[in-house]
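Before any comments, here is the structure.
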Amino acid sequence: MSHEAVFVDLDNTLYPYQPCNEAGQQAAWETATDRGYDVSRAAFESLYSRARAAVKREVSETASAHDRGLYFKRAVELQAGTPNAADALALADAYWDAYIDALSLFDGVRETLDRLRDAGLDVAVVTNLTTRVQLRKLAATGLADRVDCVLTSQEVGREKPASVMFTVPLARLGVAPADTVMVGDSVASDVVGANGVGLTSVLCNNDRTGLTGRESPDHRIESFRDVTDVVL
């Protein structure tokens with residue numbers, strides 16, 4: 001066997017992100033209206049987008065750039081003109097509770113991870129975002145017991161494609177870059193990061209755009225099930 005470990009991205013690689021985000025946004029808006037905010041769904045989305053953009057400008061390339069608690073804290077401040085901790089918490093909790101409830105894995109994810117581990121490979125989830133949220137997703141989907149290592153960008157203070165996001169799980173599992181595959185849906189984060197460290201990169205989406213240099217994946221697959229064709 002030519003590989004000893006498989007690193008996998010989480011969001012939009014193991015499950016579709018957009019339905020979950022939509023459910024979370026709807027729940028947050030409903031909570032806002034229940035708490036007395038007179039704002040339409042469209043206006044709420046605009047407010048959220050402004051808050052999100054402001055947070056990302058201030059804490060870019062860190063896990064905090066994805067923190068919905070920060071987004072909703074800023075959104076409340078923009079709408080009300082003053083901080084309101086209780087409202088910000090309520091909106092963030094509503095978002096994530098609905099998001100997790102809507103989470104459904106792509107077909108074959110559990111079976112594919114089981115095949116990889118049964119074949120003796122280590123499996124690591126290597127993901128941007130905050131640790132608590134990502135652990136909730138893994139627990140809710142039953143994947144927590146199917147992986148040997150989880151690394152979030154919050155733990156190391158940098159985001160993919162930073163090399164530390166790959167060298168840390170390599171060290172924890174005791175495997176070499178040449179023996180490791182990275183599977184993800186993002187060229188900028190997963191492919192560029194993996195290529196920079198010497199991992200075999202696998203782009204898991206149906207993007208057929210011509211890519212060159214560090215952006216070019218070693219393999220392209222359309223379904224997570226196809227990981228086994230590359231690795232085994």
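Within each chain, counting starts at residue 1; across the structure tokens, chains are named A, B, ... in the order shown, with ligands numbered 1 upward in that order.
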Residues of region 53-139 of chain A that have any atom at most 9 Å from an atom of region 35-44 of chain A: could you tabulate them with the shortest-distance atom pair and the distance in Å to one decimal, using only C-alpha atoms, ordered by chain and increasing number, as a tab-separated table?
```
residue	atom	partner	partner_atom	distance
A:Ala75	CA	A:Phe44	CA	8.7
A:Gln79	CA	A:Tyr37	CA	8.4
A:Ala80	CA	A:Tyr37	CA	8.6
A:Asp87	CA	A:Arg35	CA	7.5
```
Do you know which residues are at most 6 Å from region 185-202 of chain A counting only C-alpha atoms, after dropping those on the same chain fewer than 5 positions away, and could you put them as a list in words? Thr13, Lys160, Pro161, Pro177, Ala178, Thr180, Arg214, Glu215, Pro217, Asp218, His219 and Arg220 of chain A
Output N, CA, C and O atoms of each residue in that selection to a file, as an mmCIF file, in the first residue's frame.
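Dumped to part_30.cif:
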```
data_model
loop_
_atom_site.group_PDB
_atom_site.id
_atom_site.type_symbol
_atom_site.label_atom_id
_atom_site.label_comp_id
_atom_site.auth_asym_id
_atom_site.auth_seq_id
_atom_site.Cartn_x
_atom_site.Cartn_y
_atom_site.Cartn_z
ATOM 1 N N THR A 13 -17.225 18.959 2.020
ATOM 2 C CA THR A 13 -16.534 17.772 1.534
ATOM 3 C C THR A 13 -17.243 16.512 2.017
ATOM 4 O O THR A 13 -17.473 15.581 1.252
ATOM 5 N N LYS A 160 -5.949 26.775 6.875
ATOM 6 C CA LYS A 160 -5.496 26.255 5.592
ATOM 7 C C LYS A 160 -5.562 27.383 4.566
ATOM 8 O O LYS A 160 -6.519 28.163 4.585
ATOM 9 N N PRO A 161 -4.556 27.549 3.731
ATOM 10 C CA PRO A 161 -3.520 26.587 3.355
ATOM 11 C C PRO A 161 -2.220 26.667 4.155
ATOM 12 O O PRO A 161 -1.200 26.150 3.692
ATOM 13 N N PRO A 177 4.614 13.124 4.732
ATOM 14 C CA PRO A 177 3.799 13.752 3.690
ATOM 15 C C PRO A 177 3.625 12.879 2.449
ATOM 16 O O PRO A 177 2.533 12.812 1.883
ATOM 17 N N ALA A 178 4.678 12.202 2.034
ATOM 18 C CA ALA A 178 4.615 11.383 0.823
ATOM 19 C C ALA A 178 3.666 10.204 0.959
ATOM 20 O O ALA A 178 3.236 9.632 -0.046
ATOM 21 N N THR A 180 0.720 10.431 2.572
ATOM 22 C CA THR A 180 -0.541 10.990 3.040
ATOM 23 C C THR A 180 -1.304 11.667 1.908
ATOM 24 O O THR A 180 -0.721 12.362 1.076
ATOM 25 N N ARG A 214 0.647 25.182 -8.235
ATOM 26 C CA ARG A 214 0.256 24.735 -6.901
ATOM 27 C C ARG A 214 -1.246 24.546 -6.773
ATOM 28 O O ARG A 214 -1.723 23.921 -5.845
ATOM 29 N N GLU A 215 -2.025 25.102 -7.711
ATOM 30 C CA GLU A 215 -3.475 24.957 -7.663
ATOM 31 C C GLU A 215 -3.956 23.676 -8.332
ATOM 32 O O GLU A 215 -5.141 23.350 -8.259
ATOM 33 N N PRO A 217 -4.628 19.905 -8.573
ATOM 34 C CA PRO A 217 -4.664 18.719 -7.705
ATOM 35 C C PRO A 217 -4.034 17.523 -8.399
ATOM 36 O O PRO A 217 -4.030 17.412 -9.629
ATOM 37 N N ASP A 218 -3.533 16.597 -7.605
ATOM 38 C CA ASP A 218 -2.999 15.354 -8.166
ATOM 39 C C ASP A 218 -4.112 14.475 -8.712
ATOM 40 O O ASP A 218 -3.909 13.719 -9.669
ATOM 41 N N HIS A 219 -5.296 14.579 -8.068
ATOM 42 C CA HIS A 219 -6.453 13.791 -8.515
ATOM 43 C C HIS A 219 -7.707 14.642 -8.374
ATOM 44 O O HIS A 219 -7.777 15.533 -7.534
ATOM 45 N N ARG A 220 -8.707 14.345 -9.189
ATOM 46 C CA ARG A 220 -10.025 14.974 -9.061
ATOM 47 C C ARG A 220 -11.069 13.868 -8.956
ATOM 48 O O ARG A 220 -11.036 12.903 -9.720
#
```
What's the 12 Å shell around Ala140 (chain A), counting only C-alpha atoms, without same-chain residues fewer than 6 positions away, as number ranges by chain? A: 15, 96-97, 99-105, 133-134
With only C-alpha atoms as the atoms that count, which of A:Leu135, A:Leu129, A:Leu211, A:Ala176 lies nearest to Ser60 (chain A)?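 Counting only C-alpha atoms, the residue closest to Ser60 (chain A) is A:Leu129.
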Within 8 Å of Arg158 (chain A), counting only C-alpha atoms, which residues show up once you throw out same-chain ones fewer than 3 positions away? Write them as a CSV table (one decimal) with all heavy atoms, in the first residue's frame, please.
```csv
chain,number,residue,atom,x,y,z
A,61,GLU,N,-8.1,35.1,8.2
A,61,GLU,CA,-7.1,34.0,8.3
A,61,GLU,C,-7.0,33.4,9.7
A,61,GLU,O,-6.0,32.8,10.0
A,61,GLU,CB,-5.8,34.5,7.8
A,61,GLU,CG,-5.8,34.9,6.3
A,61,GLU,CD,-4.5,35.3,5.8
A,61,GLU,OE1,-3.5,35.1,6.5
A,61,GLU,OE2,-4.4,35.9,4.7
A,62,THR,N,-8.0,33.5,10.5
A,62,THR,CA,-8.1,32.9,11.8
A,62,THR,C,-9.5,32.2,11.9
A,62,THR,O,-10.4,32.5,11.2
A,62,THR,CB,-7.9,33.8,13.0
A,62,THR,OG1,-9.1,34.7,13.1
A,62,THR,CG2,-6.7,34.7,12.8
A,63,ALA,N,-9.6,31.3,12.9
A,63,ALA,CA,-10.8,30.6,13.1
A,63,ALA,C,-12.0,31.6,13.5
A,63,ALA,O,-13.1,31.3,13.2
A,63,ALA,CB,-10.7,29.5,14.1
A,153,SER,N,-8.5,24.9,12.8
A,153,SER,CA,-7.6,26.1,12.7
A,153,SER,C,-7.6,26.9,14.0
A,153,SER,O,-6.6,27.6,14.2
A,153,SER,CB,-8.1,27.0,11.5
A,153,SER,OG,-9.4,27.4,11.7
A,154,GLN,N,-8.6,26.7,14.8
A,154,GLN,CA,-8.5,27.4,16.1
A,154,GLN,C,-7.4,26.9,17.0
A,154,GLN,O,-6.8,27.6,17.7
A,154,GLN,CB,-9.9,27.2,16.8
A,154,GLN,CG,-10.0,27.9,18.2
A,154,GLN,CD,-11.3,27.7,18.9
A,154,GLN,OE1,-11.9,26.7,18.8
A,154,GLN,NE2,-11.8,28.8,19.6
A,162,ALA,N,-2.2,27.3,5.3
A,162,ALA,CA,-1.0,27.4,6.1
A,162,ALA,C,-0.4,26.0,6.4
A,162,ALA,O,-1.2,25.1,6.7
A,162,ALA,CB,-1.3,28.1,7.4
A,164,VAL,N,1.1,24.7,8.8
A,164,VAL,CA,1.0,24.1,10.1
A,164,VAL,C,-0.3,23.3,10.2
A,164,VAL,O,-0.4,22.3,11.0
A,164,VAL,CB,1.0,25.2,11.2
A,164,VAL,CG1,-0.3,26.1,11.1
A,164,VAL,CG2,1.1,24.6,12.6
A,165,MET,N,-1.3,23.6,9.4
A,165,MET,CA,-2.5,22.8,9.4
A,165,MET,C,-2.3,21.4,8.9
A,165,MET,O,-3.2,20.5,9.1
A,165,MET,CB,-3.6,23.5,8.5
A,165,MET,CG,-4.2,24.7,9.2
A,165,MET,SD,-5.2,24.3,10.7
A,165,MET,CE,-6.6,23.4,10.0
```
What lies within 8 Å of Glu4 (chain A) using only C-alpha atoms, ignoring chain neighbours under 3 positions off, as a PDB file with C-alpha atoms, in the first residue's frame?
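Result file is out34.pdb:
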```pdb
ATOM      1  CA  MET A   1       0.000   0.000   0.000  1.00  0.00           C
ATOM      2  CA  GLY A 120      -5.238   0.168   8.046  1.00  0.00           C
ATOM      3  CA  LEU A 121      -5.081   3.848   7.121  1.00  0.00           C
ATOM      4  CA  ASP A 122      -5.244   6.635   9.668  1.00  0.00           C
ATOM      5  CA  VAL A 175       3.195   9.736   9.047  1.00  0.00           C
ATOM      6  CA  ASP A 179       2.444   8.705   2.450  1.00  0.00           C
ATOM      7  CA  THR A 180      -0.541  10.990   3.040  1.00  0.00           C
TER       8      THR A 180
END
```
Compile the contact shell of Leu138 (chain A) as number ranges by chain: residues with an atom at most 12 Å away, counting only C-alpha atoms, same-chain residues fewer than 3 positions apart removed. A: 9-11, 14-15, 100, 103-105, 110, 124-125, 127, 131-135, 141-147, 149-150
Residues just named, written with N, CA, C and O atoms as a compact mmCIF listing (two decimals), in the first residue's frame:
```txt
# COMPACT_ATOMS: atom_id res chain seq x y z
N ASP A 9 -11.09 17.25 4.58
CA ASP A 9 -11.79 18.47 4.96
C ASP A 9 -13.18 18.08 5.47
O ASP A 9 -13.66 16.97 5.18
N LEU A 10 -13.84 18.98 6.17
CA LEU A 10 -15.17 18.66 6.71
C LEU A 10 -16.28 19.35 5.92
O LEU A 10 -17.10 18.69 5.28
N ASP A 11 -16.30 20.67 5.94
CA ASP A 11 -17.41 21.43 5.37
C ASP A 11 -17.42 21.39 3.85
O ASP A 11 -16.43 21.75 3.19
N LEU A 14 -17.61 16.50 3.29
CA LEU A 14 -18.32 15.36 3.86
C LEU A 14 -19.83 15.57 3.89
O LEU A 14 -20.59 14.61 4.02
N TYR A 15 -20.27 16.81 3.79
CA TYR A 15 -21.70 17.12 3.77
C TYR A 15 -21.90 18.43 3.00
O TYR A 15 -20.97 19.23 2.89
N ILE A 100 -27.11 22.18 12.70
CA ILE A 100 -26.78 20.79 13.04
C ILE A 100 -27.95 19.86 12.75
O ILE A 100 -27.77 18.75 12.24
N LEU A 103 -28.02 18.89 9.13
CA LEU A 103 -26.78 18.31 8.60
C LEU A 103 -27.01 16.86 8.15
O LEU A 103 -27.49 16.03 8.91
N SER A 104 -26.66 16.59 6.92
CA SER A 104 -26.79 15.24 6.36
C SER A 104 -25.57 14.95 5.49
O SER A 104 -25.25 15.74 4.59
N LEU A 105 -24.90 13.86 5.75
CA LEU A 105 -23.67 13.53 5.03
C LEU A 105 -23.96 13.21 3.57
O LEU A 105 -25.04 12.75 3.21
N ARG A 110 -19.75 7.57 5.48
CA ARG A 110 -19.45 6.66 6.59
C ARG A 110 -18.80 5.38 6.08
O ARG A 110 -17.79 4.91 6.64
N ALA A 124 -7.72 11.59 9.38
CA ALA A 124 -7.74 12.83 10.15
C ALA A 124 -8.68 13.83 9.49
O ALA A 124 -8.69 13.95 8.25
N VAL A 125 -9.46 14.52 10.29
CA VAL A 125 -10.25 15.64 9.81
C VAL A 125 -9.42 16.90 10.02
O VAL A 125 -9.01 17.20 11.15
N THR A 127 -9.62 20.86 9.36
CA THR A 127 -10.69 21.78 9.02
C THR A 127 -10.48 23.18 9.59
O THR A 127 -10.03 23.34 10.72
N THR A 131 -13.28 24.92 17.14
CA THR A 131 -13.25 23.53 17.56
C THR A 131 -14.61 23.02 18.03
O THR A 131 -15.05 21.95 17.62
N ARG A 132 -15.28 23.76 18.88
CA ARG A 132 -16.55 23.29 19.44
C ARG A 132 -17.58 23.00 18.34
O ARG A 132 -18.25 21.97 18.36
N VAL A 133 -17.67 23.91 17.40
CA VAL A 133 -18.65 23.72 16.32
C VAL A 133 -18.31 22.50 15.48
O VAL A 133 -19.19 21.69 15.16
N GLN A 134 -17.05 22.33 15.13
CA GLN A 134 -16.68 21.20 14.30
C GLN A 134 -16.86 19.87 15.04
O GLN A 134 -17.24 18.87 14.44
N LEU A 135 -16.60 19.87 16.33
CA LEU A 135 -16.83 18.65 17.11
C LEU A 135 -18.32 18.33 17.19
O LEU A 135 -18.71 17.15 17.17
N THR A 141 -23.09 13.59 13.29
CA THR A 141 -23.11 12.74 12.09
C THR A 141 -22.58 11.33 12.35
O THR A 141 -22.56 10.50 11.44
N GLY A 142 -22.13 11.07 13.56
CA GLY A 142 -21.58 9.76 13.87
C GLY A 142 -20.18 9.53 13.33
O GLY A 142 -19.73 8.39 13.24
N LEU A 143 -19.49 10.61 12.99
CA LEU A 143 -18.14 10.47 12.44
C LEU A 143 -17.04 10.54 13.50
O LEU A 143 -15.90 10.20 13.22
N ALA A 144 -17.40 10.97 14.69
CA ALA A 144 -16.38 11.17 15.72
C ALA A 144 -15.59 9.90 16.01
O ALA A 144 -14.38 9.95 16.27
N ASP A 145 -16.26 8.76 15.94
CA ASP A 145 -15.60 7.48 16.23
C ASP A 145 -14.96 6.86 14.99
O ASP A 145 -14.41 5.76 15.07
N ARG A 146 -15.04 7.57 13.88
CA ARG A 146 -14.50 7.03 12.64
C ARG A 146 -13.20 7.72 12.22
O ARG A 146 -12.70 7.46 11.12
N VAL A 147 -12.70 8.61 13.04
CA VAL A 147 -11.47 9.33 12.70
C VAL A 147 -10.45 9.18 13.83
O VAL A 147 -10.81 9.00 15.00
N CYS A 149 -7.87 11.50 14.25
CA CYS A 149 -7.33 12.81 14.63
C CYS A 149 -8.24 13.88 14.08
O CYS A 149 -8.78 13.75 12.98
N VAL A 150 -8.45 14.94 14.87
CA VAL A 150 -9.19 16.11 14.41
C VAL A 150 -8.34 17.34 14.70
O VAL A 150 -7.88 17.53 15.82
```
Judged by only C-alpha atoms, the minimum distance to Ala53 (chain A) among A:Ala65, A:Glu77, A:Cys20, A:Leu116 is found for A:Ala65
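In terms of minimum interatomic distance to Pro169 (chain A), A:Thr152 ranks closest within A:Thr152, A:Gln26, A:Thr209, A:Ser46, counting only C-alpha atoms.
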Residue with smallest distance to Gln25 (chain A) - pool A:Glu58, A:Asp93, A:Glu111, A:Asp226, counting only C-alpha atoms: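 So, comparing all the options, the nearest one is A:Asp93.
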Give me the residues near Arg225 (chain A) as a PyMOL selection string, where near means some atom within 8 Å (using only C-alpha atoms) and where sequence neighbours in that chain fewer than 3 positions away do not count. chain A and resi 107-109+112+228
Write to file, as an mmCIF file, in the first residue's frame, the residues of the selection just made, with all heavy atoms.
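This is the output file result.cif:
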```
data_model
loop_
_atom_site.group_PDB
_atom_site.id
_atom_site.type_symbol
_atom_site.label_atom_id
_atom_site.label_comp_id
_atom_site.auth_asym_id
_atom_site.auth_seq_id
_atom_site.Cartn_x
_atom_site.Cartn_y
_atom_site.Cartn_z
ATOM 1 N N ASP A 107 -23.695 10.878 0.344
ATOM 2 C CA ASP A 107 -23.816 9.427 0.249
ATOM 3 C C ASP A 107 -22.444 8.756 0.327
ATOM 4 O O ASP A 107 -21.486 9.197 -0.321
ATOM 5 C CB ASP A 107 -24.480 9.034 -1.069
ATOM 6 C CG ASP A 107 -25.953 9.372 -1.112
ATOM 7 O OD1 ASP A 107 -26.535 9.614 -0.039
ATOM 8 O OD2 ASP A 107 -26.526 9.402 -2.225
ATOM 9 N N GLY A 108 -22.373 7.716 1.127
ATOM 10 C CA GLY A 108 -21.178 6.894 1.171
ATOM 11 C C GLY A 108 -20.063 7.357 2.067
ATOM 12 O O GLY A 108 -19.018 6.701 2.144
ATOM 13 N N VAL A 109 -20.240 8.465 2.778
ATOM 14 C CA VAL A 109 -19.147 8.989 3.596
ATOM 15 C C VAL A 109 -18.770 8.017 4.711
ATOM 16 O O VAL A 109 -17.593 7.672 4.894
ATOM 17 C CB VAL A 109 -19.506 10.368 4.179
ATOM 18 C CG1 VAL A 109 -18.518 10.762 5.290
ATOM 19 C CG2 VAL A 109 -19.494 11.424 3.083
ATOM 20 N N THR A 112 -17.172 4.857 3.333
ATOM 21 C CA THR A 112 -15.836 5.099 2.786
ATOM 22 C C THR A 112 -14.809 5.249 3.898
ATOM 23 O O THR A 112 -13.700 4.689 3.816
ATOM 24 C CB THR A 112 -15.849 6.354 1.901
ATOM 25 O OG1 THR A 112 -16.778 6.160 0.823
ATOM 26 C CG2 THR A 112 -14.466 6.632 1.329
ATOM 27 N N THR A 228 -11.550 5.969 -2.355
ATOM 28 C CA THR A 228 -10.934 4.645 -2.286
ATOM 29 C C THR A 228 -10.238 4.258 -3.586
ATOM 30 O O THR A 228 -9.285 3.502 -3.588
ATOM 31 C CB THR A 228 -11.980 3.575 -1.925
ATOM 32 O OG1 THR A 228 -13.062 3.636 -2.862
ATOM 33 C CG2 THR A 228 -12.522 3.818 -0.514
#
```
Based on the backbone DSSP call, show me all residues of region 6-219 of chain A assigned strand (DSSP E or B), as a list in words.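 Restricting region 6-219 of chain A to strand (DSSP E or B) produces Val6, Phe7, Val8, Asp11, Tyr15, Asp122, Val123, Ala124, Val125, Val126, Thr127, Cys149, Val150, Leu151, Thr152, Thr180, Val181, Met182, Val183, Gly184, Thr200, Ser201, Val202, Leu203, Cys204 and His219 of chain A.
Here CA of Phe166 (chain A) and CA of Ile221 (chain A) stand 20.9 Å from one another.
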DSSP says helix (DSSP H, G or I) for which residues of region 7-221 of chain A? Put them as an NGL selection string? :A and (17-34 or 41-58 or 63-66 or 68-80 or 85-101 or 109-118 or 131-141 or 144-146 or 153-156 or 164-173 or 177-179 or 187-197 or 213-215)
